[in-house]
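Asker: Handing you this structure, nothing more for now.
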Amino acid sequence: MTKIPRISIIGAGLMGSGISASGALAGNEIVLCDRDRDRLAAGIEACRRNIRQLVEGGLVAEQAAVGAESRVRGETELPAAVAGAFWVIEAINENLALKQEIFGTLERIVPRGVILTSNTSGLRITDIVERVKDRSRTATTHFWFPAHLVPLVEVVMGDGTSESVALHLREVLLTWGKAPVIVRRDVPGQLANRIFQAIIREASAIVESGLASAEDVDTAVKMGMGLRFPAWGPLEHVDTVGLELCRSVQDSVLPGLCNEPHAAPILGRLLAEGRGGVKAGAGFHDWGTRSHADLVAQRDQFLMQALRILGLGKWSER
Ligand SMILES: NC(=O)c1ccc[n+]([C@@H]2O[C@H](COP(=O)([O-])OP(=O)(O)OC[C@H]3O[C@@H](n4cnc5c(N)ncnc54)[C@H](O)[C@@H]3O)[C@@H](O)[C@H]2O)c1
């Protein structure tokens, strides 16, 4: 009987439970680890719900889901969690000191050759592995939320990451049906968040200047460029319209765009008004009159349809 590859995921929160579902569906044995027993149980339950959502969405067959569920188990102790794994993914809270501590321990207890990655969205892997001697086997693997539905995974190379480890991670993630990209320098925002933050900066500035309402900004992005993005990247767009035209559009539009190097002032004003977002009942939008749960459900349905059309997500029958 062939041995089932084992992956250890440290931190059974929002991201750990999503990554677990994707990894198990790709045929791996998953050991999910959380130091908090209740959070571990909740994380395993969330992983099961994620798998079930894909069954309900028609993307995963019942038999494959049962197989995936049987390959996920939990541990509260790190040494037991990482035993026999070929890859350890850290997905604990976004706290540099905590992550540094975990990587220090991992280096001591995990055999050479085992890949160690962090799911950090905002920290540098170079800083996280500061105390690790062999950094060649470390990298960031930044799964996007919700990790069981979004194909993008940014493989970010730290100062010490070896090329072969980054390439190997990309190969493994391709077998999961993910869409990995390699980011060659360890910079804030990695790759995709740099683009996303540029969009958010301009969107906030448009609302702030009164050019359009928050509703209309979201509609413009969702129903215009956003709708074609899965099949039509910005640079494919530039090549299609021609670089000559793109250059003249940039010369006329860019001087009027926001280039503020700090957080948008409107965020501070809304926060001061108690409009901190969905949890506060309002942010740019009023969530007292709109259902956020409906919005999330619509997003997930859309993502599942997109995965089907794109043929992504190779769900194992193992
Ligand atoms: N939430 C997102 O949308 C998102 C998206 C991409 C990346 N990330 C990144 O992923 C990571 C995890 O984020 P999250 O939202 O899943 O966090 P979360 O708070 O939902 O879960 C973190 C879990 O880690 C556990 N934990 C903390 N220290 C631990 C330790 N020493 N050993 C074992 N378990 C420990 C906690 O008990 C908790 O259950 C962060 O680095 C975050 O920046 C988050």
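Each chain in the structure tokens gets a letter, A, B and so on, in the order shown; residues start at 1 in every chain, and ligands are counted from 1 in the order they appear.
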Please identify every residue of chain A that has at least one atom no farther than 7 Å from an atom of ligand 1, counting only C-alpha atoms and all ligand atoms, and for each give the shortest atom pair and the distance in Å to one decimal, arranged by chain then increasing number, as CSV.
Answerer:
residue,atom,partner,partner_atom_place_in_ligand_line,distance
A:Ile10,CA,ligand 1,33 (C),5.4
A:Gly11,CA,ligand 1,24 (O),3.5
A:Ala12,CA,ligand 1,39 (O),4.7
A:Gly13,CA,ligand 1,21 (O),3.3
A:Leu14,CA,ligand 1,16 (O),3.7
A:Met15,CA,ligand 1,16 (O),3.6
A:Gly16,CA,ligand 1,16 (O),5.5
A:Cys33,CA,ligand 1,33 (C),5.8
A:Asp34,CA,ligand 1,34 (N),3.6
A:Arg35,CA,ligand 1,33 (C),4.2
A:Asp36,CA,ligand 1,37 (O),5.1
A:Arg39,CA,ligand 1,39 (O),5.1
A:Leu40,CA,ligand 1,39 (O),6.7
A:Ala91,CA,ligand 1,11 (C),4.2
A:Ile92,CA,ligand 1,24 (O),3.5
A:Asn93,CA,ligand 1,22 (C),4.5
A:Glu94,CA,ligand 1,41 (O),3.9
A:Leu98,CA,ligand 1,31 (N),6.5
A:Ile102,CA,ligand 1,31 (N),6.2
A:Asn119,CA,ligand 1,10 (O),4.8
A:Thr120,CA,ligand 1,41 (O),3.7
A:Ser121,CA,ligand 1,43 (O),4.4
A:Gly122,CA,ligand 1,43 (O),6.1
A:His142,CA,ligand 1,7 (C),5.9
A:Phe143,CA,ligand 1,6 (C),5.6
A:Trp144,CA,ligand 1,6 (C),4.9
A:Phe145,CA,ligand 1,3 (O),4.8
Asker: Using only C-alpha atoms, which protein or nucleic acid residues come within 12 Å of stretch 271-279 of chain A? Drop anything in the same chain fewer than 2 positions from it, and give the result as JSON, numbers by chain.
Answerer: {"A": [264, 265, 266, 267, 268, 269, 281, 282, 283, 284, 285, 286, 287, 288, 289, 290, 291, 292, 293, 295, 296]}
Asker: Next, write the just-selected residues to a file, as a PDB file, in the first residue's frame, keeping N, CA and C atoms as the atom set.
Answerer:
ATOM      1  N   ALA A 264      -5.987  55.606   4.253  1.00  0.00           N
ATOM      2  CA  ALA A 264      -6.913  56.642   3.781  1.00  0.00           C
ATOM      3  C   ALA A 264      -7.547  57.393   4.953  1.00  0.00           C
ATOM      4  N   PRO A 265      -7.559  58.735   4.907  1.00  0.00           N
ATOM      5  CA  PRO A 265      -8.142  59.518   6.005  1.00  0.00           C
ATOM      6  C   PRO A 265      -9.595  59.144   6.292  1.00  0.00           C
ATOM      7  N   ILE A 266     -10.348  58.740   5.258  1.00  0.00           N
ATOM      8  CA  ILE A 266     -11.764  58.402   5.471  1.00  0.00           C
ATOM      9  C   ILE A 266     -11.910  57.215   6.433  1.00  0.00           C
ATOM     10  N   LEU A 267     -10.915  56.337   6.474  1.00  0.00           N
ATOM     11  CA  LEU A 267     -11.001  55.196   7.403  1.00  0.00           C
ATOM     12  C   LEU A 267     -11.021  55.712   8.843  1.00  0.00           C
ATOM     13  N   GLY A 268     -10.151  56.686   9.135  1.00  0.00           N
ATOM     14  CA  GLY A 268     -10.094  57.269  10.478  1.00  0.00           C
ATOM     15  C   GLY A 268     -11.405  57.956  10.840  1.00  0.00           C
ATOM     16  N   ARG A 269     -11.968  58.678   9.867  1.00  0.00           N
ATOM     17  CA  ARG A 269     -13.235  59.389  10.151  1.00  0.00           C
ATOM     18  C   ARG A 269     -14.372  58.421  10.417  1.00  0.00           C
ATOM     19  N   GLY A 281     -21.848  47.077  12.733  1.00  0.00           N
ATOM     20  CA  GLY A 281     -23.156  47.330  12.105  1.00  0.00           C
ATOM     21  C   GLY A 281     -23.074  48.275  10.912  1.00  0.00           C
ATOM     22  N   ALA A 282     -21.916  48.940  10.761  1.00  0.00           N
ATOM     23  CA  ALA A 282     -21.757  49.866   9.627  1.00  0.00           C
ATOM     24  C   ALA A 282     -20.287  50.133   9.379  1.00  0.00           C
ATOM     25  N   GLY A 283     -19.985  50.468   8.153  1.00  0.00           N
ATOM     26  CA  GLY A 283     -18.640  50.883   7.748  1.00  0.00           C
ATOM     27  C   GLY A 283     -18.862  51.817   6.580  1.00  0.00           C
ATOM     28  N   PHE A 284     -18.344  51.476   5.420  1.00  0.00           N
ATOM     29  CA  PHE A 284     -18.716  52.210   4.201  1.00  0.00           C
ATOM     30  C   PHE A 284     -20.206  51.985   3.914  1.00  0.00           C
ATOM     31  N   HIS A 285     -20.679  50.763   4.239  1.00  0.00           N
ATOM     32  CA  HIS A 285     -22.091  50.405   4.018  1.00  0.00           C
ATOM     33  C   HIS A 285     -22.798  50.294   5.366  1.00  0.00           C
ATOM     34  N   ASP A 286     -24.119  50.357   5.310  1.00  0.00           N
ATOM     35  CA  ASP A 286     -24.926  50.185   6.516  1.00  0.00           C
ATOM     36  C   ASP A 286     -25.352  48.722   6.605  1.00  0.00           C
ATOM     37  N   TRP A 287     -24.848  47.992   7.603  1.00  0.00           N
ATOM     38  CA  TRP A 287     -25.148  46.557   7.706  1.00  0.00           C
ATOM     39  C   TRP A 287     -26.354  46.277   8.587  1.00  0.00           C
ATOM     40  N   GLY A 288     -27.020  47.357   9.042  1.00  0.00           N
ATOM     41  CA  GLY A 288     -28.261  47.149   9.795  1.00  0.00           C
ATOM     42  C   GLY A 288     -29.397  46.795   8.838  1.00  0.00           C
ATOM     43  N   THR A 289     -29.304  47.274   7.617  1.00  0.00           N
ATOM     44  CA  THR A 289     -30.396  47.067   6.656  1.00  0.00           C
ATOM     45  C   THR A 289     -30.055  46.020   5.595  1.00  0.00           C
ATOM     46  N   ARG A 290     -28.804  45.572   5.588  1.00  0.00           N
ATOM     47  CA  ARG A 290     -28.383  44.580   4.590  1.00  0.00           C
ATOM     48  C   ARG A 290     -27.893  43.333   5.303  1.00  0.00           C
ATOM     49  N   SER A 291     -28.087  42.182   4.680  1.00  0.00           N
ATOM     50  CA  SER A 291     -27.619  40.946   5.311  1.00  0.00           C
ATOM     51  C   SER A 291     -26.204  40.611   4.838  1.00  0.00           C
ATOM     52  N   HIS A 292     -25.274  40.602   5.796  1.00  0.00           N
ATOM     53  CA  HIS A 292     -23.906  40.231   5.441  1.00  0.00           C
ATOM     54  C   HIS A 292     -23.810  38.734   5.152  1.00  0.00           C
ATOM     55  N   ALA A 293     -24.634  37.941   5.862  1.00  0.00           N
ATOM     56  CA  ALA A 293     -24.618  36.486   5.631  1.00  0.00           C
ATOM     57  C   ALA A 293     -25.014  36.183   4.184  1.00  0.00           C
ATOM     58  N   LEU A 295     -24.501  38.117   1.641  1.00  0.00           N
ATOM     59  CA  LEU A 295     -23.377  38.518   0.785  1.00  0.00           C
ATOM     60  C   LEU A 295     -22.312  37.415   0.744  1.00  0.00           C
ATOM     61  N   VAL A 296     -22.011  36.846   1.926  1.00  0.00           N
ATOM     62  CA  VAL A 296     -21.010  35.772   2.010  1.00  0.00           C
ATOM     63  C   VAL A 296     -21.489  34.557   1.211  1.00  0.00           C
TER      64      VAL A 296
END
Asker: Kindly assemble as CSV a list of the stretch 122-218 of chain A residues that lie within 10 Å of stretch 24-29 of chain A, each paired with its nearest atom pair and their distance in Å to one decimal, using only C-alpha atoms, sorted first by chain and then by ascending residue number.
Answerer:
residue,atom,partner,partner_atom,distance
A:His148,CA,A:Leu25,CA,9.4
A:Val172,CA,A:Ala26,CA,9.7
A:Leu173,CA,A:Ala26,CA,9.1
A:Leu174,CA,A:Ala26,CA,9.9
A:Thr175,CA,A:Ala26,CA,7.1
A:Trp176,CA,A:Ala26,CA,4.9
A:Gly177,CA,A:Ala26,CA,7.8
A:Lys178,CA,A:Ala26,CA,9.9
Asker: Please, what distance in Å, to one decimal, runs between atom CA of A:Ser248 and atom CA of A:Glu208?
Answerer: 26.6 Å
Asker: Would you mind writing down, as a PyMOL selection string, each residue of stretch 21-82 of chain A that DSSP on the backbone assigns to alpha helix (DSSP H)?
Answerer: chain A and resi 21-25+37-56+62-70+78-82
